[in-house]
Every structure is written in C-alpha cells, then in structure tokens.
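Asks: Supplied structure: data-v6.cif, mmCIF, C-alpha atoms.
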```
data_protein
loop_
_atom_site.group_PDB
_atom_site.id
_atom_site.type_symbol
_atom_site.label_atom_id
_atom_site.label_comp_id
_atom_site.auth_asym_id
_atom_site.auth_seq_id
_atom_site.Cartn_x
_atom_site.Cartn_y
_atom_site.Cartn_z
ATOM 1 C CA MET A 1 12.331 7.735 -10.156
ATOM 2 C CA THR A 2 12.145 3.908 -10.208
ATOM 3 C CA PRO A 3 8.558 2.682 -9.776
ATOM 4 C CA THR A 4 7.715 0.484 -6.805
ATOM 5 C CA ARG A 5 8.538 -3.150 -7.475
ATOM 6 C CA LEU A 6 7.207 -6.312 -5.909
ATOM 7 C CA PRO A 7 9.721 -8.009 -3.603
ATOM 8 C CA ILE A 8 11.686 -10.853 -5.181
ATOM 9 C CA TYR A 9 11.984 -14.080 -3.189
ATOM 10 C CA THR A 10 14.710 -16.194 -4.758
ATOM 11 C CA PHE A 11 14.401 -19.971 -4.569
ATOM 12 C CA ALA A 12 16.596 -22.857 -5.685
ATOM 13 C CA PRO A 13 14.409 -25.874 -6.516
ATOM 14 C CA SER A 14 16.713 -27.685 -8.953
ATOM 15 C CA GLY A 15 20.454 -27.760 -9.586
ATOM 16 C CA LYS A 16 23.024 -26.266 -7.232
ATOM 17 C CA VAL A 17 24.676 -22.965 -8.015
ATOM 18 C CA THR A 18 27.903 -23.433 -9.967
ATOM 19 C CA ASP A 19 28.842 -19.767 -10.334
ATOM 20 C CA GLN A 20 28.419 -17.742 -7.165
ATOM 21 C CA GLN A 21 29.639 -14.552 -8.824
ATOM 22 C CA SER A 22 26.857 -14.628 -11.419
ATOM 23 C CA ILE A 23 24.290 -14.861 -8.633
ATOM 24 C CA HIS A 24 25.738 -11.876 -6.796
ATOM 25 C CA ASP A 25 25.900 -9.902 -10.057
ATOM 26 C CA GLY A 26 22.262 -10.764 -10.776
ATOM 27 C CA ILE A 27 21.183 -9.683 -7.307
ATOM 28 C CA GLU A 28 22.957 -6.336 -7.664
ATOM 29 C CA PHE A 29 21.389 -5.800 -11.091
ATOM 30 C CA LEU A 30 17.873 -6.440 -9.756
ATOM 31 C CA LYS A 31 18.508 -4.174 -6.785
ATOM 32 C CA ASP A 32 19.532 -1.434 -9.220
ATOM 33 C CA LEU A 33 16.159 -1.913 -10.917
ATOM 34 C CA GLY A 34 14.453 -1.182 -7.606
ATOM 35 C CA PHE A 35 13.740 -4.697 -6.325
ATOM 36 C CA GLN A 36 14.168 -5.877 -2.751
ATOM 37 C CA ILE A 37 15.729 -9.352 -2.774
ATOM 38 C CA HIS A 38 14.932 -12.000 -0.154
ATOM 39 C CA ASN A 39 16.138 -15.532 0.669
ATOM 40 C CA THR A 40 19.541 -15.200 -0.989
ATOM 41 C CA GLN A 41 20.909 -17.833 1.409
ATOM 42 C CA CYS A 42 19.341 -20.497 -0.810
ATOM 43 C CA ILE A 43 22.264 -20.113 -3.210
ATOM 44 C CA ASP A 44 24.600 -21.707 -0.653
ATOM 45 C CA ARG A 45 22.751 -25.004 -0.397
ATOM 46 C CA SER A 46 24.380 -28.016 -2.018
ATOM 47 C CA TYR A 47 23.746 -31.763 -1.989
ATOM 48 C CA GLU A 48 25.117 -33.961 -4.769
ATOM 49 C CA ARG A 49 24.137 -32.079 -7.957
ATOM 50 C CA PHE A 50 21.165 -30.395 -6.305
ATOM 51 C CA ALA A 51 20.572 -27.128 -4.443
ATOM 52 C CA GLY A 52 19.981 -28.981 -1.216
ATOM 53 C CA LEU A 53 18.171 -32.086 -0.068
ATOM 54 C CA ASP A 54 14.821 -32.906 -1.646
ATOM 55 C CA SER A 55 13.180 -32.082 1.682
ATOM 56 C CA GLN A 56 14.853 -28.654 1.784
ATOM 57 C CA ARG A 57 13.868 -27.749 -1.758
ATOM 58 C CA ALA A 58 10.295 -28.979 -1.350
ATOM 59 C CA SER A 59 9.974 -27.136 1.952
ATOM 60 C CA GLU A 60 11.095 -23.918 0.267
ATOM 61 C CA ILE A 61 8.285 -24.225 -2.296
ATOM 62 C CA ASN A 62 5.777 -25.189 0.381
ATOM 63 C CA SER A 63 6.737 -22.073 2.346
ATOM 64 C CA PHE A 64 5.421 -19.775 -0.405
ATOM 65 C CA TYR A 65 2.033 -19.562 1.310
ATOM 66 C CA GLU A 66 3.655 -18.188 4.486
ATOM 67 C CA ILE A 67 5.962 -15.963 2.437
ATOM 68 C CA THR A 68 3.040 -14.215 0.738
ATOM 69 C CA ASN A 69 1.420 -13.746 4.138
ATOM 70 C CA SER A 70 4.638 -12.078 5.297
ATOM 71 C CA LEU A 71 5.835 -10.146 2.238
ATOM 72 C CA GLY A 72 2.533 -9.766 0.459
ATOM 73 C CA PRO A 73 2.423 -10.158 -3.333
ATOM 74 C CA CYS A 74 5.912 -11.088 -4.549
ATOM 75 C CA ILE A 75 7.925 -12.667 -7.345
ATOM 76 C CA ALA A 76 9.376 -16.133 -6.726
ATOM 77 C CA LEU A 77 12.392 -16.068 -9.047
ATOM 78 C CA ALA A 78 14.219 -19.333 -9.642
ATOM 79 C CA VAL A 79 17.995 -19.210 -9.236
ATOM 80 C CA ARG A 80 18.674 -21.760 -11.992
ATOM 81 C CA GLY A 81 17.334 -24.904 -13.612
ATOM 82 C CA GLY A 82 19.243 -28.095 -14.277
ATOM 83 C CA TYR A 83 17.384 -31.062 -12.801
ATOM 84 C CA GLY A 84 15.594 -31.831 -9.573
ATOM 85 C CA LEU A 85 12.012 -30.590 -9.614
ATOM 86 C CA THR A 86 10.486 -33.823 -10.867
ATOM 87 C CA ARG A 87 11.552 -35.496 -7.633
ATOM 88 C CA LEU A 88 9.630 -32.896 -5.629
ATOM 89 C CA LEU A 89 6.241 -32.902 -7.349
ATOM 90 C CA PRO A 90 4.533 -35.476 -5.058
ATOM 91 C CA HIS A 91 5.724 -33.537 -2.003
ATOM 92 C CA ILE A 92 4.305 -30.143 -2.949
ATOM 93 C CA ASN A 93 1.222 -28.874 -1.141
ATOM 94 C CA TRP A 94 -0.634 -27.743 -4.258
ATOM 95 C CA ASP A 95 -3.591 -26.270 -2.386
ATOM 96 C CA ASN A 96 -1.305 -24.002 -0.375
ATOM 97 C CA LEU A 97 0.653 -23.095 -3.481
ATOM 98 C CA ALA A 98 -2.586 -22.166 -5.252
ATOM 99 C CA GLN A 99 -3.507 -19.960 -2.286
ATOM 100 C CA ALA A 100 -0.097 -18.296 -2.493
ATOM 101 C CA VAL A 101 -0.720 -17.502 -6.165
ATOM 102 C CA ASP A 102 -4.146 -16.142 -5.268
ATOM 103 C CA ASN A 103 -2.376 -13.949 -2.691
ATOM 104 C CA GLY A 104 -0.137 -12.477 -5.387
ATOM 105 C CA LEU A 105 2.760 -14.918 -5.830
ATOM 106 C CA GLN A 106 4.293 -14.865 -9.328
ATOM 107 C CA ILE A 107 6.554 -17.855 -10.015
ATOM 108 C CA VAL A 108 9.156 -17.208 -12.738
ATOM 109 C CA GLY A 109 11.692 -19.480 -14.427
ATOM 110 C CA HIS A 110 12.262 -21.814 -17.373
ATOM 111 C CA SER A 111 13.937 -25.109 -18.248
ATOM 112 C CA ASP A 112 13.491 -27.473 -15.251
ATOM 113 C CA LEU A 113 10.967 -25.008 -13.791
ATOM 114 C CA THR A 114 8.538 -26.315 -16.416
ATOM 115 C CA ALA A 115 7.769 -29.197 -14.049
ATOM 116 C CA LEU A 116 6.603 -26.834 -11.313
ATOM 117 C CA GLU A 117 4.791 -24.413 -13.605
ATOM 118 C CA VAL A 118 2.935 -26.995 -15.679
ATOM 119 C CA GLY A 119 2.295 -29.066 -12.558
ATOM 120 C CA LEU A 120 0.747 -26.020 -10.885
ATOM 121 C CA PHE A 121 -1.486 -25.452 -13.904
ATOM 122 C CA ALA A 122 -2.512 -29.121 -14.054
ATOM 123 C CA GLN A 123 -3.186 -29.421 -10.331
ATOM 124 C CA THR A 124 -4.834 -26.066 -9.645
ATOM 125 C CA GLY A 125 -5.403 -24.147 -12.886
ATOM 126 C CA ARG A 126 -3.260 -21.320 -11.503
ATOM 127 C CA LYS A 127 -0.909 -19.233 -13.614
ATOM 128 C CA SER A 128 2.867 -18.841 -13.499
ATOM 129 C CA TYR A 129 5.508 -17.365 -15.788
ATOM 130 C CA ALA A 130 7.992 -19.125 -18.033
ATOM 131 C CA GLY A 131 10.795 -16.598 -18.095
ATOM 132 C CA PRO A 132 14.284 -15.600 -16.991
ATOM 133 C CA MET A 133 16.253 -16.898 -14.029
ATOM 134 C CA LEU A 134 18.639 -15.206 -11.653
ATOM 135 C CA SER A 135 21.870 -16.882 -12.751
ATOM 136 C CA TYR A 136 21.418 -17.512 -16.462
ATOM 137 C CA ASP A 137 19.700 -14.278 -17.423
ATOM 138 C CA PHE A 138 20.351 -11.589 -14.832
ATOM 139 C CA GLY A 139 23.731 -12.769 -13.567
ATOM 140 C CA CYS A 140 25.710 -12.246 -16.769
ATOM 141 C CA ASN A 141 27.810 -9.148 -17.357
ATOM 142 C CA SER A 142 26.283 -5.903 -18.565
ATOM 143 C CA ILE A 143 27.370 -6.512 -22.163
ATOM 144 C CA GLU A 144 25.804 -9.971 -22.356
ATOM 145 C CA ARG A 145 22.712 -9.149 -20.312
ATOM 146 C CA SER A 146 19.668 -8.760 -22.555
ATOM 147 C CA LEU A 147 17.647 -5.547 -22.505
ATOM 148 C CA PHE A 148 14.952 -7.442 -24.408
ATOM 149 C CA THR A 149 14.674 -10.048 -21.657
ATOM 150 C CA THR A 150 14.608 -7.439 -18.903
ATOM 151 C CA HIS A 151 12.025 -5.319 -20.720
ATOM 152 C CA HIS A 152 9.562 -8.181 -21.192
ATOM 153 C CA PHE A 153 10.143 -9.467 -17.641
ATOM 154 C CA LEU A 154 9.186 -6.081 -16.231
ATOM 155 C CA LYS A 155 6.342 -5.487 -18.661
ATOM 156 C CA ILE A 156 4.358 -8.607 -17.882
ATOM 157 C CA LEU A 157 5.062 -8.728 -14.140
ATOM 158 C CA ILE A 158 4.277 -5.051 -13.603
ATOM 159 C CA GLU A 159 1.755 -4.270 -16.349
ATOM 160 C CA ASN A 160 0.384 -7.815 -16.881
ATOM 161 C CA SER A 161 0.968 -7.259 -20.575
ATOM 162 C CA LEU A 162 2.590 -9.378 -23.268
ATOM 163 C CA ASP A 163 2.636 -7.825 -26.729
ATOM 164 C CA PHE A 164 5.237 -9.264 -29.098
ATOM 165 C CA SER A 165 5.580 -9.288 -32.871
ATOM 166 C CA ASN A 166 8.138 -11.317 -34.804
ATOM 167 C CA GLU A 167 8.735 -10.105 -38.338
ATOM 168 C CA THR A 168 11.053 -12.348 -40.358
ATOM 169 C CA PRO A 169 11.546 -11.826 -44.108
ATOM 170 C CA SER A 170 12.309 -15.523 -44.642
ATOM 171 C CA ASN A 171 8.905 -16.569 -43.261
ATOM 172 C CA GLN A 172 5.653 -16.484 -45.171
ATOM 173 C CA PHE A 173 2.548 -16.862 -43.056
ATOM 174 C CA GLU A 174 -1.041 -17.272 -44.144
ATOM 175 C CA ALA A 175 -3.591 -15.054 -42.439
ATOM 176 C CA PHE A 176 -4.460 -16.626 -39.090
ATOM 177 C CA LYS A 177 -6.004 -15.571 -35.791
ATOM 178 C CA ALA A 178 -6.600 -17.637 -32.683
ATOM 179 C CA GLU A 179 -7.284 -17.155 -28.994
ATOM 180 C CA GLY A 180 -6.574 -19.757 -26.352
ATOM 181 C CA VAL A 181 -4.789 -20.642 -23.134
ATOM 182 C CA LEU A 182 -1.023 -20.288 -23.421
ATOM 183 C CA TRP A 183 0.901 -23.179 -21.891
ATOM 184 C CA GLY A 184 4.095 -25.200 -22.297
ATOM 185 C CA GLY A 185 7.800 -24.877 -21.592
ATOM 186 C CA ASN A 186 10.750 -27.200 -21.961
ATOM 187 C CA LEU A 187 9.809 -30.065 -24.286
ATOM 188 C CA THR A 188 11.771 -32.785 -22.484
ATOM 189 C CA ILE A 189 10.288 -31.860 -19.102
ATOM 190 C CA LEU A 190 6.823 -31.496 -20.590
ATOM 191 C CA ASN A 191 6.962 -34.986 -22.078
ATOM 192 C CA SER A 192 8.224 -36.457 -18.815
ATOM 193 C CA LEU A 193 4.941 -35.349 -17.197
ATOM 194 C CA ILE A 194 2.714 -37.249 -19.642
ATOM 195 C CA GLY A 195 0.610 -39.831 -17.808
ATOM 196 C CA THR A 196 1.193 -38.207 -14.426
ATOM 197 C CA PRO A 197 -1.130 -35.986 -12.373
ATOM 198 C CA TYR A 198 1.113 -33.068 -13.330
ATOM 199 C CA PHE A 199 0.230 -32.992 -17.034
ATOM 200 C CA PRO A 200 -2.796 -30.778 -17.834
ATOM 201 C CA ASN A 201 -6.012 -32.547 -18.740
ATOM 202 C CA ASN A 202 -7.861 -31.995 -21.990
ATOM 203 C CA ALA A 203 -10.285 -29.493 -20.486
ATOM 204 C CA LEU A 204 -7.402 -27.173 -19.590
ATOM 205 C CA ILE A 205 -5.446 -27.292 -22.859
ATOM 206 C CA LYS A 206 -7.950 -28.040 -25.627
ATOM 207 C CA ASN A 207 -7.794 -25.292 -28.281
ATOM 208 C CA GLY A 208 -4.762 -23.905 -26.505
ATOM 209 C CA ILE A 209 -1.561 -22.271 -27.680
ATOM 210 C CA LEU A 210 1.432 -24.478 -26.890
ATOM 211 C CA PHE A 211 4.978 -23.089 -26.705
ATOM 212 C CA ILE A 212 8.052 -25.318 -26.484
ATOM 213 C CA GLU A 213 11.852 -25.074 -26.384
ATOM 214 C CA ASP A 214 14.794 -27.330 -25.591
ATOM 215 C CA THR A 215 18.557 -27.529 -25.535
ATOM 216 C CA ASN A 216 21.134 -30.247 -26.232
ATOM 217 C CA GLU A 217 18.514 -32.380 -27.958
ATOM 218 C CA HIS A 218 19.126 -33.603 -31.517
ATOM 219 C CA PRO A 219 16.273 -32.917 -33.974
ATOM 220 C CA TYR A 220 15.392 -36.620 -34.122
ATOM 221 C CA ARG A 221 14.828 -36.593 -30.365
ATOM 222 C CA ILE A 222 12.723 -33.456 -30.690
ATOM 223 C CA GLU A 223 10.713 -35.158 -33.416
ATOM 224 C CA ARG A 224 10.240 -38.240 -31.263
ATOM 225 C CA MET A 225 8.904 -36.145 -28.378
ATOM 226 C CA LEU A 226 6.595 -34.220 -30.706
ATOM 227 C CA PHE A 227 5.279 -37.499 -32.106
ATOM 228 C CA GLN A 228 4.468 -38.583 -28.572
ATOM 229 C CA LEU A 229 2.459 -35.402 -27.985
ATOM 230 C CA LEU A 230 0.827 -35.903 -31.370
ATOM 231 C CA GLN A 231 -0.066 -39.535 -30.762
ATOM 232 C CA ILE A 232 -1.658 -38.910 -27.377
ATOM 233 C CA GLY A 233 -3.889 -36.331 -29.029
ATOM 234 C CA VAL A 234 -2.347 -33.130 -27.667
ATOM 235 C CA LEU A 235 -0.786 -31.435 -30.699
ATOM 236 C CA GLY A 236 -3.792 -31.872 -32.945
ATOM 237 C CA LYS A 237 -6.046 -30.172 -30.405
ATOM 238 C CA GLN A 238 -3.943 -27.009 -30.183
ATOM 239 C CA GLN A 239 -4.766 -23.956 -32.238
ATOM 240 C CA ALA A 240 -1.105 -23.050 -32.537
ATOM 241 C CA ILE A 241 2.326 -24.394 -31.611
ATOM 242 C CA LEU A 242 5.043 -21.820 -31.025
ATOM 243 C CA LEU A 243 8.587 -23.119 -31.375
ATOM 244 C CA GLY A 244 11.197 -21.313 -29.313
ATOM 245 C CA ASN A 245 14.944 -21.803 -29.231
ATOM 246 C CA PHE A 246 16.376 -25.262 -29.914
ATOM 247 C CA SER A 247 20.129 -25.158 -29.464
ATOM 248 C CA GLY A 248 23.190 -27.065 -28.365
ATOM 249 C CA TYR A 249 22.876 -30.071 -30.693
ATOM 250 C CA GLN A 250 25.236 -31.215 -33.441
ATOM 251 C CA LEU A 251 24.304 -32.763 -36.759
ATOM 252 C CA SER A 252 26.495 -35.463 -38.285
ATOM 253 C CA SER A 253 27.068 -37.189 -41.613
ATOM 254 C CA LEU A 254 24.575 -39.827 -40.495
ATOM 255 C CA ASP A 255 21.787 -37.231 -40.687
ATOM 256 C CA ASN A 256 22.357 -36.855 -44.425
ATOM 257 C CA GLY A 257 20.363 -33.625 -44.730
ATOM 258 C CA TYR A 258 17.934 -34.323 -41.884
ATOM 259 C CA ASP A 259 17.768 -31.301 -39.573
ATOM 260 C CA LEU A 260 15.383 -29.338 -37.367
ATOM 261 C CA ASP A 261 13.508 -28.001 -40.396
ATOM 262 C CA SER A 262 12.970 -31.604 -41.536
ATOM 263 C CA CYS A 263 11.602 -32.474 -38.105
ATOM 264 C CA ILE A 264 9.175 -29.548 -38.143
ATOM 265 C CA LYS A 265 7.997 -30.304 -41.669
ATOM 266 C CA ARG A 266 7.300 -33.920 -40.738
ATOM 267 C CA ILE A 267 5.160 -32.872 -37.783
ATOM 268 C CA GLN A 268 3.315 -30.357 -39.965
ATOM 269 C CA ASP A 269 2.630 -33.122 -42.506
ATOM 270 C CA GLU A 270 1.351 -35.438 -39.780
ATOM 271 C CA LEU A 271 -1.022 -32.770 -38.501
ATOM 272 C CA LYS A 272 -2.407 -32.341 -42.014
ATOM 273 C CA LEU A 273 -2.847 -36.114 -42.358
ATOM 274 C CA ILE A 274 -5.091 -36.237 -39.285
ATOM 275 C CA GLY A 275 -7.040 -33.218 -40.497
ATOM 276 C CA SER A 276 -5.849 -30.909 -37.745
ATOM 277 C CA PRO A 277 -5.837 -27.144 -38.445
ATOM 278 C CA THR A 278 -3.068 -26.610 -35.869
ATOM 279 C CA ARG A 279 -0.559 -24.029 -37.065
ATOM 280 C CA ILE A 280 3.159 -24.091 -36.272
ATOM 281 C CA PHE A 281 5.174 -20.902 -35.863
ATOM 282 C CA THR A 282 8.941 -20.742 -35.430
ATOM 283 C CA GLU A 283 11.464 -18.288 -33.998
ATOM 284 C CA LEU A 284 9.651 -17.463 -30.781
ATOM 285 C CA PRO A 285 12.287 -15.767 -28.587
ATOM 286 C CA PHE A 286 12.163 -18.137 -25.641
ATOM 287 C CA GLY A 287 14.303 -20.861 -24.155
ATOM 288 C CA HIS A 288 18.003 -21.308 -23.488
ATOM 289 C CA CYS A 289 18.893 -18.125 -25.317
ATOM 290 C CA ARG A 290 19.911 -14.567 -24.506
ATOM 291 C CA ASP A 291 16.739 -12.787 -25.656
ATOM 292 C CA LYS A 292 13.618 -14.323 -24.152
ATOM 293 C CA LEU A 293 10.040 -13.357 -23.487
ATOM 294 C CA THR A 294 8.341 -13.924 -20.158
ATOM 295 C CA LEU A 295 5.329 -16.042 -21.061
ATOM 296 C CA PRO A 296 2.264 -16.461 -18.815
ATOM 297 C CA ILE A 297 1.242 -20.092 -18.413
ATOM 298 C CA GLY A 298 -2.498 -20.527 -17.951
ATOM 299 C CA ILE A 299 -3.551 -17.151 -19.375
ATOM 300 C CA ASN A 300 -5.655 -16.511 -22.480
ATOM 301 C CA CYS A 301 -3.554 -15.104 -25.293
ATOM 302 C CA GLN A 302 -3.982 -14.290 -28.955
ATOM 303 C CA VAL A 303 -1.862 -15.305 -31.937
ATOM 304 C CA ILE A 304 -2.211 -13.391 -35.207
ATOM 305 C CA SER A 305 -0.219 -13.956 -38.382
ATOM 306 C CA GLU A 306 -0.066 -12.240 -41.721
ATOM 307 C CA SER A 307 2.525 -12.030 -44.485
ATOM 308 C CA ASN A 308 5.920 -12.473 -42.800
ATOM 309 C CA LYS A 309 4.886 -11.602 -39.236
ATOM 310 C CA PHE A 310 3.202 -13.301 -36.324
ATOM 311 C CA SER A 311 2.285 -11.676 -33.027
ATOM 312 C CA LEU A 312 1.498 -12.958 -29.555
ATOM 313 C CA LYS A 313 -0.306 -10.901 -26.945
ATOM 314 C CA THR A 314 -2.308 -11.216 -23.772
ATOM 315 C CA LEU A 315 -6.026 -10.461 -23.960
#
```
Turn this file's structure into structure tokens for me.
Replies:
Amino acid sequence: MTPTRLPIYTFAPSGKVTDQQSIHDGIEFLKDLGFQIHNTQCIDRSYERFAGLDSQRASEINSFYEITNSLGPCIALAVRGGYGLTRLLPHINWDNLAQAVDNGLQIVGHSDLTALEVGLFAQTGRKSYAGPMLSYDFGCNSIERSLFTTHHFLKILIENSLDFSNETPSNQFEAFKAEGVLWGGNLTILNSLIGTPYFPNNALIKNGILFIEDTNEHPYRIERMLFQLLQIGVLGKQQAILLGNFSGYQLSSLDNGYDLDSCIKRIQDELKLIGSPTRIFTELPFGHCRDKLTLPIGINCQVISESNKFSLKTL
C-alpha cells in the first residue's frame, strides 16, 4: 500500500512550458506514486518566454500562505526553470512565504529556482529544497526517468533524511569531517544575487557547505564566477564546496588544454594562497542531469571524506 503523501501544488514561476506532453506524463507518474496534484492549470500560462505575466507568477508565489491554510502542509513543485524569477524577487511577500514554510510548505526545484530558494534563505532563514522539477525530471519517459532522483526526492520530503555516499576510484580524498549549513544552487543565478538583499549574509553562510552546478557555461566562465565568490570572501569561509554537474559547454582549440579540471585546480590553489582550509569535492549528483539528489537549503548537514569516498548527510 502506498504511504500517504503530501499534496503537490505545481507552480510555474519561470519559463513557459514548451512540452505539454512531458507535463502530463509527469503528473500521471506522481499520481501513480500516491500524490494528489493541484494547480495544473499553471502549465497553460504563456507570455513572451515566460509562464505568464510577472504579476501572475508573483501572485502564485504569494498565494502559498493561503494554499497552506487550505491544503495544509504541501510540496510546491516547480514545473520548470529557464529564466524569470529574478524579475519577481522584489514583489514577493517574504514574511508570508516564511509563514507558509512554517505551516509545512516545501518548495522544490533547481536551476532558475535558485533565485527563490536562496532569496528565501537570505530574507527569512527558512529552508527549501534544490531538487527535481515536474517537466525535466518527472515528465520524461519511464526508461529515461531516474529511480535515483525519485528515491532521494521521496526520502528527504517524507523522511527528512539525506544520506548519500559517492565512491569514485579515480578520486583520492584526505580524511575530512565538517558540519555546517548546506546552501547553494545554480552558480550563474547565485552570482547574480551578489550585492542584493537576496544573497545570504555572512552570519547565515559562514562555515557552511556550498553546493553549485551549471549548464551551458564554459569552464572559463565558471572560473570567473568562482573568482567573484572567492574575492568577496565567500568561498574561503566555507568548510566545503561540492561541485555538481557542469554540462553543455564545448572546448575549442583556443583552450589549448584548459578545461574544467584546470578551473577547479586554479580555485583550489587560490584558496591555499589565502590560507583557507576550504575543501572542494567533485561529482555531486546534482544539476542539469538525470540522476540528482534533493538537497535541503538552510539545513545543517555533514560532509565526511576518506580514501576515495565522500558522503553528505543531514544531521
């Protein structure tokens, strides 16, 4: 017998839906898992490249307080990312959104959703979940759909538990153990929040565990964004940096051997130069990829490494 699930309230805060069939397939899949799905009409909204007018998309987020009063604790699952949330941040009622989270709202999504999730953490200290989305992750066919992604989505949202170990023969880790607040998301979106009220202050993220991912960004652009985080004092104050999936870029003859590994090594060298003990770990299953964890933003987690394995778990 399928255990009782929280209701899922779908919302479309960013780009418009480009594949209606994937949405319907994702809805049917979640229903088969025992979820009740609400607000599916949001998938029909369209304005320019967005899932509706700014006012419509902001209003949908601002309605979460009333939704939790009506449905009770529920999962707010983003339909898809793309672009559009940055435009909405000044129009979100953060106090009401914090109350919705306190009433049991669990916001889930990745990519452009980073703006909402990190903004929520910065503005209110409340948690959310960087994880799958309706179209990209649950709307694919049964062969492409990831059991790994589904398993970790259910595990943390039902059991409040994240317990992942990544064992890779090619890696060699020194013994390391750290506990801190897990935070992060899409690197490009994260960097776009620097200097705004929607980037977490030092008190929230000092000695934290930062996770990042991105897509369609060349390693030199990734390096440039990491240097920005380094030079404003963020990277050096983290206990660990977890690198997720970086995909969709193409190297050229101009790179002449420069690649993502070169970028990572340079950042590691810079951290050593400033005397920072921050550790970098790679191959975190998260981002624009088939297999992804659901990661709690704003929750204390633990990173442990030894030999060729590192693990990440909630405390």
Asks: Dig up all the protein and nucleic acid residues within 12 Å of (-4.2, -17.6, -41.0) in the file frame, using only C-alpha atoms, and format them as number ranges by chain.
Replies: A: 172-178, 239-240, 277-281, 303-311
Asks: Find the residues around A:Tyr249 up to 10 Å (all atoms listed in the file counted), leave out those fewer than 6 positions away in its own chain, and share them as a list of chain:residue names.
Replies: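 The residues satisfying every condition are A:Asp214, A:Thr215, A:Asn216, A:Glu217, A:His218, A:Pro219.
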Asks: Identify, on the basis of only C-alpha atoms, every residue whose closest approach to stretch 140-142 of chain A does not exceed 10 Å; exclude the query and any residue fewer than 3 positions from it along the same chain; express the result as a PyMOL selection string.
Replies: chain A and resi 21-26+29+134-137+145-147+290
Asks: Could you save the residues just selected, with C-alpha atoms, as a PDB file, in the coordinates of the input?
Replies:
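See part.pdb below for the written result:
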```pdb
ATOM      1  CA  GLN A  21      29.639 -14.552  -8.824  1.00  0.00           C
ATOM      2  CA  SER A  22      26.857 -14.628 -11.419  1.00  0.00           C
ATOM      3  CA  ILE A  23      24.290 -14.861  -8.633  1.00  0.00           C
ATOM      4  CA  HIS A  24      25.738 -11.876  -6.796  1.00  0.00           C
ATOM      5  CA  ASP A  25      25.900  -9.902 -10.057  1.00  0.00           C
ATOM      6  CA  GLY A  26      22.262 -10.764 -10.776  1.00  0.00           C
ATOM      7  CA  PHE A  29      21.389  -5.800 -11.091  1.00  0.00           C
ATOM      8  CA  LEU A 134      18.639 -15.206 -11.653  1.00  0.00           C
ATOM      9  CA  SER A 135      21.870 -16.882 -12.751  1.00  0.00           C
ATOM     10  CA  TYR A 136      21.418 -17.512 -16.462  1.00  0.00           C
ATOM     11  CA  ASP A 137      19.700 -14.278 -17.423  1.00  0.00           C
ATOM     12  CA  ARG A 145      22.712  -9.149 -20.312  1.00  0.00           C
ATOM     13  CA  SER A 146      19.668  -8.760 -22.555  1.00  0.00           C
ATOM     14  CA  LEU A 147      17.647  -5.547 -22.505  1.00  0.00           C
ATOM     15  CA  ARG A 290      19.911 -14.567 -24.506  1.00  0.00           C
TER      16      ARG A 290
END
```
Asks: Of the candidates A:Tyr220, A:Phe227, A:Phe211, A:Phe35, which shows the shortest atom-to-atom distance to A:Thr4, using all atoms listed in the file?
Replies: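 Checking each of A:Tyr220, A:Phe227, A:Phe211, A:Phe35 against A:Thr4, counting all atoms listed in the file, the winner is A:Phe35.
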Asks: What is the atom CA of A:Asn39 to atom CA of A:Phe11 distance in Å?
Replies: 7.1 Å
Asks: The PyMOL selection byres ((chain A and resi 69) around 12) - which residues does that actually catch in the file I just gave you? List them as a list in words.
Replies: Ser63, Phe64, Tyr65, Glu66, Ile67, Thr68, Ser70, Leu71, Gly72, Pro73, Cys74, Asn96, Gln99, Ala100, Val101, Asp102, Asn103, Gly104 and Leu105 of chain A
Asks: Measuring atom to atom with only C-alpha atoms, identify which of A:Tyr9, A:Phe50, A:Tyr198, A:Phe153 is nearest to A:Pro90.
Replies: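 Checking each of A:Tyr9, A:Phe50, A:Tyr198, A:Phe153 against A:Pro90, counting only C-alpha atoms, the winner is A:Tyr198.
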Asks: Distance atom CA of A:Gly34-atom CA of A:Gly131, one decimal place?
Replies: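 Computed distance, atom CA of A:Gly34 to atom CA of A:Gly131, equals 19.0 Å.
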Asks: With all atoms listed in the file as the counted atoms, please give the residues lying no more than 9 Å from A:Leu113, apart from itself and same-chain residues fewer than 6 positions off, as JSON, numbers by chain.
Replies: {"A": [13, 14, 78, 80, 81, 82, 83, 85, 130, 185, 186, 189]}
Asks: Taking the file as shown, what set of residues would the PyMOL selection byres ((chain A and resi 225) around 12) give back, as a ChimeraX atom specification?
Replies: /A:186-194,212-214,217-224,226-232,234-235,263-264,267
Asks: Here is a test: counting only C-alpha atoms, which residue of A:Leu77, A:Ile205, A:Leu273, A:Ile92 is nearest to A:His38?
Replies: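 The answer is A:Leu77, which sits nearest to A:His38.
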Asks: Counting all atoms listed in the file, select every polymer residue within 10 Å of (10.9, -22.1, -36.3) as defined in the file's coordinates, and provide the selection as an MDAnalysis selection string.
Replies: chainID A and resid 171 242:246 260:261 264 280:284
Asks: Would you work out the distance separating atom CA of A:Val181 from atom CA of A:Ser165, expressed in Å to one decimal?
Replies: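 Separating atom CA of A:Val181 from atom CA of A:Ser165 is a distance of 18.2 Å.
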Asks: If we count all atoms listed in the file, what is near A:Ser161 at a cut-off of 9 Å, once residues fewer than 5 positions away on the same chain are taken out, given as number ranges by chain?
Replies: A: 152, 155-156, 313-315
Asks: Please evaluate the PyMOL selection byres ((chain A and resi 296) around 6) against the structure above and give the resulting residues as a PyMOL selection string.
Replies: chain A and resi 128-129+295+297+299
Asks: Rank A:Ile158, A:Ile75, A:Leu271, A:Leu182 by their smallest atom-to-atom distance to A:Val118, using all atoms listed in the file, and report the top residue only.
Replies: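 Smallest distance to A:Val118 is found for A:Leu182.
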